[in-house]
$ cat run-v7.pdb   # PDB, C-alpha atoms, pLDDT in the B column
ATOM      1  CA  PHE A   1      -3.084  -1.811  23.015  1.00 76.00           C
ATOM      2  CA  GLU A   2      -1.389   1.430  23.956  1.00 79.00           C
ATOM      3  CA  TRP A   3      -2.135   4.966  22.832  1.00 78.00           C
ATOM      4  CA  HIS A   4      -0.598   8.282  23.727  1.00 77.00           C
ATOM      5  CA  SER A   5      -0.336  11.742  22.250  1.00 75.00           C
ATOM      6  CA  PRO A   6       2.323  12.110  19.515  1.00 71.00           C
ATOM      7  CA  LEU A   7       3.814  14.911  21.637  1.00 71.00           C
ATOM      8  CA  ALA A   8       4.011  12.597  24.652  1.00 69.00           C
ATOM      9  CA  VAL A   9       1.734  14.802  26.711  1.00 73.00           C
ATOM     10  CA  GLY A  10      -1.572  13.962  28.319  1.00 73.00           C
ATOM     11  CA  PRO A  11      -2.904  10.571  29.422  1.00 79.00           C
ATOM     12  CA  VAL A  12      -1.679   7.227  28.132  1.00 84.00           C
ATOM     13  CA  VAL A  13      -4.348   4.661  27.291  1.00 86.00           C
ATOM     14  CA  ARG A  14      -3.420   1.022  27.847  1.00 87.00           C
ATOM     15  CA  HIS A  15      -5.530  -2.084  27.414  1.00 88.00           C
ATOM     16  CA  VAL A  16      -4.457  -5.695  27.761  1.00 88.00           C
ATOM     17  CA  ASP A  17      -6.607  -8.631  26.631  1.00 89.00           C
ATOM     18  CA  PRO A  18      -5.037 -11.959  27.635  1.00 87.00           C
ATOM     19  CA  ASP A  19      -7.319 -13.842  25.236  1.00 88.00           C
ATOM     20  CA  ALA A  20      -6.050 -11.899  22.223  1.00 82.00           C
ATOM     21  CA  HIS A  21      -2.709 -13.729  22.012  1.00 78.00           C
ATOM     22  CA  ASN A  22      -2.138 -15.260  18.546  1.00 80.00           C
ATOM     23  CA  THR A  23      -5.598 -14.235  17.322  1.00 86.00           C
ATOM     24  CA  LEU A  24      -4.406 -11.636  14.803  1.00 85.00           C
ATOM     25  CA  ASP A  25      -4.392 -13.061  11.271  1.00 92.00           C
ATOM     26  CA  PHE A  26      -2.761 -10.168   9.480  1.00 93.00           C
ATOM     27  CA  TRP A  27      -1.793  -6.545   9.940  1.00 92.00           C
ATOM     28  CA  GLY A  28      -3.445  -4.004   7.627  1.00 95.00           C
ATOM     29  CA  LEU A  29      -1.333  -0.940   6.975  1.00 96.00           C
ATOM     30  CA  ASN A  30      -2.702   2.289   5.471  1.00 97.00           C
ATOM     31  CA  TYR A  31       0.055   4.606   4.298  1.00 96.00           C
ATOM     32  CA  TYR A  32      -0.084   7.861   2.350  1.00 94.00           C
ATOM     33  CA  SER A  33       2.665   9.989   3.840  1.00 90.00           C
ATOM     34  CA  ARG A  34       4.596  10.911   6.932  1.00 78.00           C
ATOM     35  CA  PRO A  35       3.366  14.408   7.824  1.00 74.00           C
ATOM     36  CA  CYS A  36       5.827  17.237   8.024  1.00 66.00           C
ATOM     37  CA  MET A  37       5.061  20.507   9.850  1.00 63.00           C
ATOM     38  CA  THR A  38       6.470  23.973   9.353  1.00 62.00           C
ATOM     39  CA  TRP A  39       8.236  25.827  12.153  1.00 58.00           C
ATOM     40  CA  ARG A  40       4.822  27.326  12.896  1.00 58.00           C
ATOM     41  CA  LEU A  41       3.460  23.813  13.503  1.00 57.00           C
ATOM     42  CA  ALA A  42       1.318  24.015  10.354  1.00 57.00           C
ATOM     43  CA  MET A  43       0.702  20.961   8.191  1.00 63.00           C
ATOM     44  CA  GLY A  44       1.377  20.884   4.471  1.00 63.00           C
ATOM     45  CA  SER A  45       5.139  21.190   4.438  1.00 56.00           C
ATOM     46  CA  SER A  46       7.886  18.969   3.043  1.00 54.00           C
ATOM     47  CA  LEU A  47      11.610  18.532   2.991  1.00 61.00           C
ATOM     48  CA  ARG A  48      13.720  19.629   0.042  1.00 66.00           C
ATOM     49  CA  GLY A  49      12.944  17.623  -3.089  1.00 68.00           C
ATOM     50  CA  GLU A  50       9.660  16.215  -1.759  1.00 76.00           C
ATOM     51  CA  PRO A  51       6.646  17.385  -3.784  1.00 84.00           C
ATOM     52  CA  LEU A  52       3.247  17.874  -2.174  1.00 83.00           C
ATOM     53  CA  SER A  53       0.070  16.142  -3.282  1.00 86.00           C
ATOM     54  CA  ASP A  54      -3.230  17.948  -3.798  1.00 87.00           C
ATOM     55  CA  THR A  55      -4.086  17.123  -0.180  1.00 88.00           C
ATOM     56  CA  LYS A  56      -0.817  18.736   0.958  1.00 85.00           C
ATOM     57  CA  LEU A  57       0.855  15.470   1.898  1.00 87.00           C
ATOM     58  CA  ARG A  58       4.489  15.098   0.952  1.00 87.00           C
ATOM     59  CA  LEU A  59       5.718  12.187  -1.141  1.00 91.00           C
ATOM     60  CA  HIS A  60       7.818  10.252   1.342  1.00 92.00           C
ATOM     61  CA  PRO A  61       8.211   6.617   0.218  1.00 94.00           C
ATOM     62  CA  GLN A  62      10.782   5.836   2.915  1.00 93.00           C
ATOM     63  CA  GLY A  63       7.955   6.157   5.413  1.00 93.00           C
ATOM     64  CA  LEU A  64       6.212   3.162   3.844  1.00 97.00           C
ATOM     65  CA  TYR A  65       9.272   1.006   4.346  1.00 97.00           C
ATOM     66  CA  ASP A  66       9.648   2.256   7.910  1.00 95.00           C
ATOM     67  CA  SER A  67       5.986   1.459   8.611  1.00 96.00           C
ATOM     68  CA  ILE A  68       6.386  -2.081   7.252  1.00 97.00           C
ATOM     69  CA  ARG A  69       9.460  -2.557   9.415  1.00 95.00           C
ATOM     70  CA  ASP A  70       7.655  -1.328  12.525  1.00 94.00           C
ATOM     71  CA  ALA A  71       4.514  -3.391  11.832  1.00 94.00           C
ATOM     72  CA  SER A  72       6.621  -6.534  11.447  1.00 94.00           C
ATOM     73  CA  ALA A  73       7.199  -6.507  15.211  1.00 90.00           C
ATOM     74  CA  LEU A  74       3.822  -8.226  15.567  1.00 86.00           C
ATOM     75  CA  GLY A  75       5.093 -11.255  13.656  1.00 91.00           C
ATOM     76  CA  ARG A  76       2.074 -11.366  11.375  1.00 93.00           C
ATOM     77  CA  PRO A  77       1.641 -11.071   7.581  1.00 95.00           C
ATOM     78  CA  ILE A  78       1.332  -7.492   6.375  1.00 97.00           C
ATOM     79  CA  TYR A  79      -1.075  -6.145   3.771  1.00 97.00           C
ATOM     80  CA  ILE A  80      -0.795  -2.580   2.536  1.00 97.00           C
ATOM     81  CA  THR A  81      -4.532  -1.974   2.670  1.00 97.00           C
ATOM     82  CA  GLU A  82      -4.368   1.590   1.335  1.00 97.00           C
ATOM     83  CA  THR A  83      -1.792   3.708  -0.425  1.00 97.00           C
ATOM     84  CA  GLY A  84      -2.211   6.326  -3.146  1.00 97.00           C
ATOM     85  CA  VAL A  85      -1.912   9.988  -4.078  1.00 96.00           C
ATOM     86  CA  ALA A  86      -4.373  12.801  -4.773  1.00 95.00           C
ATOM     87  CA  ASP A  87      -3.114  14.244  -8.057  1.00 96.00           C
ATOM     88  CA  ARG A  88      -5.665  16.041 -10.202  1.00 94.00           C
ATOM     89  CA  ASN A  89      -3.130  17.062 -12.882  1.00 96.00           C
ATOM     90  CA  ASP A  90      -1.441  13.643 -12.974  1.00 97.00           C
ATOM     91  CA  MET A  91       1.990  15.119 -12.303  1.00 96.00           C
ATOM     92  CA  LEU A  92       2.986  12.931  -9.333  1.00 96.00           C
ATOM     93  CA  ARG A  93       1.129   9.649  -9.801  1.00 98.00           C
ATOM     94  CA  GLU A  94       3.889   7.852 -11.724  1.00 97.00           C
ATOM     95  CA  GLN A  95       6.528   8.981  -9.231  1.00 96.00           C
ATOM     96  CA  TYR A  96       4.362   7.972  -6.275  1.00 97.00           C
ATOM     97  CA  ILE A  97       3.611   4.503  -7.634  1.00 98.00           C
ATOM     98  CA  THR A  98       7.178   3.776  -8.706  1.00 96.00           C
ATOM     99  CA  SER A  99       8.806   4.977  -5.499  1.00 95.00           C
ATOM    100  CA  HIS A 100       6.335   3.363  -3.096  1.00 97.00           C
ATOM    101  CA  TYR A 101       6.205   0.001  -4.846  1.00 97.00           C
ATOM    102  CA  ASP A 102      10.006   0.046  -4.892  1.00 95.00           C
ATOM    103  CA  MET A 103       9.824   0.296  -1.119  1.00 96.00           C
ATOM    104  CA  VAL A 104       7.496  -2.703  -0.975  1.00 97.00           C
ATOM    105  CA  LEU A 105       9.994  -4.608  -3.112  1.00 95.00           C
ATOM    106  CA  ARG A 106      12.822  -3.541  -0.823  1.00 95.00           C
ATOM    107  CA  ALA A 107      10.855  -4.700   2.219  1.00 95.00           C
ATOM    108  CA  ILE A 108      10.292  -8.119   0.641  1.00 94.00           C
ATOM    109  CA  HIS A 109      13.993  -8.224  -0.243  1.00 93.00           C
ATOM    110  CA  ASP A 110      14.824  -7.568   3.415  1.00 93.00           C
ATOM    111  CA  GLY A 111      12.666 -10.447   4.584  1.00 93.00           C
ATOM    112  CA  TYR A 112       9.495  -8.717   5.740  1.00 95.00           C
ATOM    113  CA  ASP A 113       6.319 -10.722   5.216  1.00 95.00           C
ATOM    114  CA  VAL A 114       4.384  -8.420   2.882  1.00 96.00           C
ATOM    115  CA  ARG A 115       1.528 -10.337   1.277  1.00 93.00           C
ATOM    116  CA  GLY A 116      -0.289  -7.731  -0.788  1.00 93.00           C
ATOM    117  CA  VAL A 117      -0.965  -4.146  -1.804  1.00 95.00           C
ATOM    118  CA  PHE A 118      -4.343  -2.470  -2.264  1.00 96.00           C
ATOM    119  CA  TYR A 119      -3.907   0.745  -4.222  1.00 97.00           C
ATOM    120  CA  TRP A 120      -6.266   3.644  -3.504  1.00 97.00           C
ATOM    121  CA  THR A 121      -8.045   3.935  -5.802  1.00 95.00           C
ATOM    122  CA  LEU A 122      -9.388   2.473  -9.053  1.00 95.00           C
ATOM    123  CA  MET A 123     -11.427   5.531 -10.059  1.00 92.00           C
ATOM    124  CA  ASP A 124     -11.962   9.035  -8.708  1.00 92.00           C
ATOM    125  CA  ASN A 125     -14.168   8.925  -5.636  1.00 91.00           C
ATOM    126  CA  ILE A 126     -15.759  11.198  -3.073  1.00 88.00           C
ATOM    127  CA  GLU A 127     -13.585  11.835  -0.032  1.00 89.00           C
ATOM    128  CA  TRP A 128     -15.245  12.583   3.279  1.00 86.00           C
ATOM    129  CA  HIS A 129     -13.435  15.862   3.725  1.00 84.00           C
ATOM    130  CA  GLU A 130     -12.340  16.836   0.200  1.00 84.00           C
ATOM    131  CA  GLY A 131     -15.437  15.759  -1.736  1.00 86.00           C
ATOM    132  CA  PHE A 132     -14.625  15.325  -5.438  1.00 86.00           C
ATOM    133  CA  LYS A 133     -11.640  17.683  -5.297  1.00 88.00           C
ATOM    134  CA  ALA A 134      -9.128  15.008  -4.329  1.00 92.00           C
ATOM    135  CA  ARG A 135      -8.480  12.863  -7.400  1.00 94.00           C
ATOM    136  CA  PHE A 136      -6.968   9.593  -6.254  1.00 96.00           C
ATOM    137  CA  GLY A 137      -8.200   7.484  -9.171  1.00 96.00           C
ATOM    138  CA  LEU A 138      -6.089   5.439 -11.543  1.00 97.00           C
ATOM    139  CA  PHE A 139      -8.984   6.145 -13.890  1.00 95.00           C
ATOM    140  CA  GLU A 140     -10.292   9.662 -14.337  1.00 92.00           C
ATOM    141  CA  TRP A 141     -13.995   9.999 -13.673  1.00 86.00           C
ATOM    142  CA  ASP A 142     -15.766  13.127 -14.838  1.00 78.00           C
ATOM    143  CA  LEU A 143     -18.651  13.997 -12.537  1.00 73.00           C
ATOM    144  CA  VAL A 144     -20.534  15.932 -15.231  1.00 75.00           C
ATOM    145  CA  GLN A 145     -19.732  13.946 -18.382  1.00 72.00           C
ATOM    146  CA  GLN A 146     -19.602  10.525 -16.795  1.00 68.00           C
ATOM    147  CA  ARG A 147     -22.349   9.033 -18.977  1.00 64.00           C
ATOM    148  CA  SER A 148     -20.787  10.042 -22.275  1.00 61.00           C
ATOM    149  CA  LYS A 149     -17.088  10.240 -21.441  1.00 69.00           C
ATOM    150  CA  GLY A 150     -16.740   7.119 -19.345  1.00 74.00           C
ATOM    151  CA  LEU A 151     -13.486   6.287 -17.568  1.00 86.00           C
ATOM    152  CA  THR A 152     -10.031   7.201 -18.848  1.00 89.00           C
ATOM    153  CA  LEU A 153      -6.830   5.621 -17.551  1.00 94.00           C
ATOM    154  CA  ARG A 154      -4.510   8.393 -16.454  1.00 96.00           C
ATOM    155  CA  LYS A 155      -1.055   8.407 -18.013  1.00 97.00           C
ATOM    156  CA  GLY A 156       0.677   8.173 -14.642  1.00 98.00           C
ATOM    157  CA  SER A 157      -1.327   5.053 -13.799  1.00 98.00           C
ATOM    158  CA  GLN A 158       0.618   3.118 -16.411  1.00 97.00           C
ATOM    159  CA  ALA A 159       3.359   2.736 -13.804  1.00 97.00           C
ATOM    160  CA  LEU A 160       1.106   0.425 -11.793  1.00 98.00           C
ATOM    161  CA  VAL A 161       0.155  -1.516 -14.911  1.00 96.00           C
ATOM    162  CA  ASP A 162       3.882  -2.057 -15.487  1.00 96.00           C
ATOM    163  CA  VAL A 163       4.416  -3.218 -11.907  1.00 95.00           C
ATOM    164  CA  HIS A 164       1.533  -5.598 -12.291  1.00 92.00           C
ATOM    165  CA  ALA A 165       2.961  -6.988 -15.536  1.00 95.00           C
ATOM    166  CA  ASN A 166       6.517  -7.451 -14.277  1.00 94.00           C
ATOM    167  CA  TRP A 167       6.192  -8.750 -10.737  1.00 94.00           C
ATOM    168  CA  PRO A 168       5.950 -12.548 -10.279  1.00 93.00           C
ATOM    169  CA  GLU A 169       2.568 -14.089  -9.674  1.00 88.00           C
ATOM    170  CA  LEU A 170       3.728 -16.465  -6.936  1.00 89.00           C
ATOM    171  CA  ARG A 171       4.787 -15.359  -3.503  1.00 86.00           C
ATOM    172  CA  ALA A 172       7.497 -18.016  -3.538  1.00 85.00           C
ATOM    173  CA  ASP A 173       9.132 -16.164  -6.442  1.00 93.00           C
ATOM    174  CA  MET A 174       8.810 -12.667  -5.037  1.00 92.00           C
ATOM    175  CA  ARG A 175      11.887 -12.569  -2.836  1.00 89.00           C
ATOM    176  CA  ALA A 176      14.160 -13.933  -5.563  1.00 91.00           C
ATOM    177  CA  TYR A 177      12.755 -11.283  -7.890  1.00 93.00           C
ATOM    178  CA  ALA A 178      13.318  -8.590  -5.271  1.00 92.00           C
ATOM    179  CA  VAL A 179      16.917  -9.715  -4.746  1.00 89.00           C
ATOM    180  CA  GLN A 180      17.512  -9.665  -8.494  1.00 89.00           C
ATOM    181  CA  GLN A 181      16.001  -6.217  -8.953  1.00 89.00           C
ATOM    182  CA  LEU A 182      17.777  -4.649  -5.978  1.00 85.00           C
ATOM    183  CA  LEU A 183      21.158  -6.363  -6.425  1.00 71.00           C
ATOM    184  CA  PRO A 184      22.999  -3.184  -7.557  1.00 68.00           C
ATOM    185  CA  THR A 185      21.967  -1.262  -4.427  1.00 70.00           C
ATOM    186  CA  HIS A 186      21.469  -4.128  -1.947  1.00 66.00           C
ATOM    187  CA  PRO A 187      24.196  -6.686  -2.814  1.00 61.00           C
ATOM    188  CA  THR A 188      23.748  -8.840   0.308  1.00 58.00           C
ATOM    189  CA  PRO A 189      20.198 -10.079   0.886  1.00 59.00           C
ATOM    190  CA  ALA A 190      18.968  -9.926   4.449  1.00 59.00           C
ATOM    191  CA  PRO A 191      18.139 -13.264   6.105  1.00 58.00           C
ATOM    192  CA  LEU A 192      14.531 -14.234   5.576  1.00 58.00           C
ATOM    193  CA  LEU A 193      12.463 -13.506   8.644  1.00 60.00           C
ATOM    194  CA  ALA A 194      10.609 -16.388  10.246  1.00 51.00           C
ATOM    195  CA  PRO A 195       7.300 -16.880   8.434  1.00 51.00           C
ATOM    196  CA  ALA A 196       4.133 -16.103  10.323  1.00 51.00           C
ATOM    197  CA  PRO A 197       1.579 -18.847  11.045  1.00 50.00           C
ATOM    198  CA  GLU A 198      -0.892 -19.643   8.309  1.00 52.00           C
ATOM    199  CA  LEU A 199      -3.832 -17.298   8.020  1.00 50.00           C
ATOM    200  CA  THR A 200      -7.091 -18.516   9.458  1.00 49.00           C
ATOM    201  CA  ALA A 201      -9.173 -15.817   7.772  1.00 49.00           C
ATOM    202  CA  GLN A 202      -9.303 -14.253   4.357  1.00 55.00           C
ATOM    203  CA  PRO A 203      -7.162 -11.198   3.690  1.00 55.00           C
ATOM    204  CA  PRO A 204      -9.072  -7.935   3.289  1.00 55.00           C
ATOM    205  CA  SER A 205     -11.344  -7.533   0.310  1.00 52.00           C
ATOM    206  CA  PRO A 206     -10.946  -4.341  -1.748  1.00 44.00           C
ATOM    207  CA  THR A 207     -13.192  -1.583  -0.480  1.00 42.00           C
ATOM    208  CA  ALA A 208     -15.161   0.511  -2.959  1.00 39.00           C
ATOM    209  CA  GLY A 209     -12.724   1.659  -5.588  1.00 40.00           C
ATOM    210  CA  ALA A 210      -9.700  -0.113  -4.132  1.00 43.00           C
ATOM    211  CA  VAL A 211      -7.547  -2.350  -6.303  1.00 45.00           C
ATOM    212  CA  ALA A 212      -5.906  -5.598  -5.208  1.00 40.00           C
ATOM    213  CA  PHE A 213      -2.728  -5.797  -7.230  1.00 41.00           C
ATOM    214  CA  ILE A 214      -0.629  -8.264  -5.290  1.00 41.00           C
ATOM    215  CA  ALA A 215      -1.884 -11.463  -3.685  1.00 39.00           C
ATOM    216  CA  MET A 216       0.857 -14.056  -3.804  1.00 39.00           C
ATOM    217  CA  LYS A 217       0.629 -17.786  -3.158  1.00 33.00           C
ATOM    218  CA  HIS A 218       2.416 -19.351  -0.188  1.00 34.00           C
ATOM    219  CA  SER A 219       4.219 -21.950  -2.287  1.00 33.00           C
ATOM    220  CA  GLY A 220       5.363 -22.375  -5.838  1.00 35.00           C
ATOM    221  CA  GLU A 221       3.099 -25.344  -6.427  1.00 35.00           C
ATOM    222  CA  GLU A 222       0.907 -24.707  -9.432  1.00 35.00           C
ATOM    223  CA  LYS A 223      -2.736 -25.665  -9.715  1.00 36.00           C
ATOM    224  CA  GLY A 224      -4.962 -26.036 -12.683  1.00 35.00           C
ATOM    225  CA  ALA A 225      -7.171 -23.092 -13.511  1.00 32.00           C
ATOM    226  CA  GLU A 226     -10.315 -24.954 -12.492  1.00 33.00           C
ATOM    227  CA  GLU A 227      -9.003 -25.953  -9.044  1.00 36.00           C
ATOM    228  CA  ALA A 228      -6.969 -22.869  -8.204  1.00 34.00           C
ATOM    229  CA  ASP A 229      -7.802 -21.298  -4.889  1.00 36.00           C
ATOM    230  CA  ALA A 230      -9.508 -17.936  -4.877  1.00 34.00           C
ATOM    231  CA  PRO A 231      -7.358 -15.083  -3.563  1.00 34.00           C
ATOM    232  CA  GLY A 232      -7.394 -15.175   0.207  1.00 34.00           C
ATOM    233  CA  GLN A 233      -8.260 -18.878   0.431  1.00 33.00           C
ATOM    234  CA  GLY A 234      -6.098 -21.980   0.703  1.00 33.00           C
ATOM    235  CA  SER A 235      -2.716 -20.961  -0.677  1.00 30.00           C
ATOM    236  CA  HIS A 236      -3.971 -17.375  -0.933  1.00 30.00           C
ATOM    237  CA  GLY A 237      -4.277 -17.268  -4.677  1.00 30.00           C
ATOM    238  CA  PRO A 238      -2.042 -16.028  -7.487  1.00 29.00           C
ATOM    239  CA  LEU A 239      -1.464 -12.418  -8.303  1.00 29.00           C
ATOM    240  CA  SER A 240      -4.868 -10.830  -8.801  1.00 31.00           C
ATOM    241  CA  THR A 241      -5.168  -9.370 -12.271  1.00 28.00           C
ATOM    242  CA  ALA A 242      -8.730  -8.226 -11.822  1.00 29.00           C
ATOM    243  CA  LEU A 243      -9.561  -4.697 -10.849  1.00 30.00           C
ATOM    244  CA  GLY A 244     -11.812  -5.551  -7.929  1.00 29.00           C
ATOM    245  CA  ALA A 245     -13.758  -2.340  -7.545  1.00 31.00           C
ATOM    246  CA  ALA A 246     -17.190  -2.384  -6.026  1.00 28.00           C
TER     247      ALA A 246
END

$ encode --input "run-v7.pdb" --output "structure tokens"
Amino acid sequence: FEWHSPLAVGPVVRHVDPDAHNTLDFWGLNYYSRPCMTWRLAMGSSLRGEPLSDTKLRLHPQGLYDSIRDASALGRPIYITETGVADRNDMLREQYITSHYDMVLRAIHDGYDVRGVFYWTLMDNIEWHEGFKARFGLFEWDLVQQRSKGLTLRKGSQALVDVHANWPELRADMRAYAVQQLLPTHPTPAPLLAPAPELTAQPPSPTAGAVAFIAMKHSGEEKGAEEADAPGQGSHGPLSTALGAA
């Protein structure tokens, strides 16, 4: 483990544990944005054409791909354990989902071992810093009228429903699908990276409000419904169609 200031000033923290070799089952990656500062070193800026979310983070899907590429250096399966956008007026949600899931597809196309995506979040929640102001939910939740109004699927959330409906259920089929979808822009598929060792532990379970939308099987071998492995066990389960919110 190594940590240092992003500005490369101050102390560098290093820790080496010789017993930790090959003990990591998967790499969990949380990605929302790649921050951009103004010339005054203030947060909440963006490059031309990049809209800002309600939490003043720019929409920068390329950063998700770059993070997957960097995390692959560990040679372990990668789960996107959080990604989402605070968008009270539902103006950016469709764009965020489409662009960021396209980057996941591109990463799979290029041979990176991405096993799943957990979208943040199923319904509006309380954020530690923003309270109820930051609306990340696929479903709108009204704090005052919750008992009578219930939950309403936001229009922009339909983009994730479409992804869920169109992507293959089996991991063995995902790369072929990615190659097919990206053929016009990526005509020559990258060589498949060496697969990581089998997992010895279950992949992460959705936290409160999180949604597991991709959990692909290791092989194309089908099982009967009664004997199919649960997601995260055995062959790591088919694509999860359940909204696993706590």

$ resolve_selection --input "run-v7.pdb" --expression "the PyMOL selection byres ((chain A and resi 2) around 10)" --output "count of residues only"
8

$ residues_around --input "run-v7.pdb" --residues "Phe132 in chain A" --least-positions-apart "6" --cutoff "10 Å" --atoms "all atoms listed in the file" --output "list of chain:residue names"
A:Asp124, A:Asn125, A:Ile126, A:Trp141, A:Asp142, A:Leu143

$ atom_distance --input "run-v7.pdb" --atom1 "CA of Trp27 in chain A" --atom2 "CA of Ala86 in chain A"
24.4 Å

$ atom_distance --input "run-v7.pdb" --atom1 "CA of Trp120 in chain A" --atom2 "CA of Gln145 in chain A"
22.6 Å

$ atom_distance --input "run-v7.pdb" --atom1 "CA of Ile68 in chain A" --atom2 "CA of Val179 in chain A"
17.7 Å

$ closest_residue --input "run-v7.pdb" --among "A:Pro61, A:Pro77, A:Gly116, A:Gly137" --to "Met103 in chain A" --atoms "only C-alpha atoms"
A:Pro61

$ closest_residue --input "run-v7.pdb" --among "A:Val104, A:Ile78, A:Arg115, A:Gly156" --to "Ala178 in chain A" --atoms "all atoms listed in the file"
A:Val104

$ residues_around --input "run-v7.pdb" --residues "Tyr96 in chain A" --least-positions-apart "3" --cutoff "8 Å" --atoms "all atoms listed in the file" --output "PyMOL selection string"
chain A and resi 59+61+84-85+92-93+99-100

$ closest_residue --input "run-v7.pdb" --among "A:Val163, A:Leu151, A:Met123, A:Ile80" --to "Thr98 in chain A" --atoms "all atoms listed in the file"
A:Val163

$ resolve_selection --input "run-v7.pdb" --expression "the PyMOL selection byres ((chain A and resi 34) around 9)" --output "PyMOL selection string"
chain A and resi 31-33+35-36+57-64

$ write_last_selection --input "run-v7.pdb" --atoms "C-alpha atoms" --output "PDB file, keeping the file's coordinate frame"
ATOM      1  CA  TYR A  31       0.055   4.606   4.298  1.00 96.00           C
ATOM      2  CA  TYR A  32      -0.084   7.861   2.350  1.00 94.00           C
ATOM      3  CA  SER A  33       2.665   9.989   3.840  1.00 90.00           C
ATOM      4  CA  PRO A  35       3.366  14.408   7.824  1.00 74.00           C
ATOM      5  CA  CYS A  36       5.827  17.237   8.024  1.00 66.00           C
ATOM      6  CA  LEU A  57       0.855  15.470   1.898  1.00 87.00           C
ATOM      7  CA  ARG A  58       4.489  15.098   0.952  1.00 87.00           C
ATOM      8  CA  LEU A  59       5.718  12.187  -1.141  1.00 91.00           C
ATOM      9  CA  HIS A  60       7.818  10.252   1.342  1.00 92.00           C
ATOM     10  CA  PRO A  61       8.211   6.617   0.218  1.00 94.00           C
ATOM     11  CA  GLN A  62      10.782   5.836   2.915  1.00 93.00           C
ATOM     12  CA  GLY A  63       7.955   6.157   5.413  1.00 93.00           C
ATOM     13  CA  LEU A  64       6.212   3.162   3.844  1.00 97.00           C
TER      14      LEU A  64
END

$ closest_residue --input "run-v7.pdb" --among "A:Leu122, A:Val114, A:Val144, A:Phe136" --to "Met174 in chain A" --atoms "all atoms listed in the file"
A:Val114

$ residues_near_point --input "run-v7.pdb" --point "(1.2, -4.0, 5.1)" --cutoff "12 Å" --atoms "only C-alpha atoms" --output "VMD selection string"
chain A and resid 26 to 31 64 to 72 74 to 83 101 103 to 104 107 to 108 112 to 119 203 to 204 214 to 215

$ residues_around --input "run-v7.pdb" --residues "Leu153 in chain A" --least-positions-apart "6" --cutoff "8 Å" --atoms "all atoms listed in the file" --output "VMD selection string"
chain A and resid 138 to 140

$ closest_residue --input "run-v7.pdb" --among "A:His21, A:Leu52, A:Val9, A:His109" --to "Thr185 in chain A" --atoms "all atoms listed in the file"
A:His109

$ closest_residue --input "run-v7.pdb" --among "A:Ala165, A:Lys133, A:Trp128, A:Leu105" --to "Tyr177 in chain A" --atoms "only C-alpha atoms"
A:Leu105
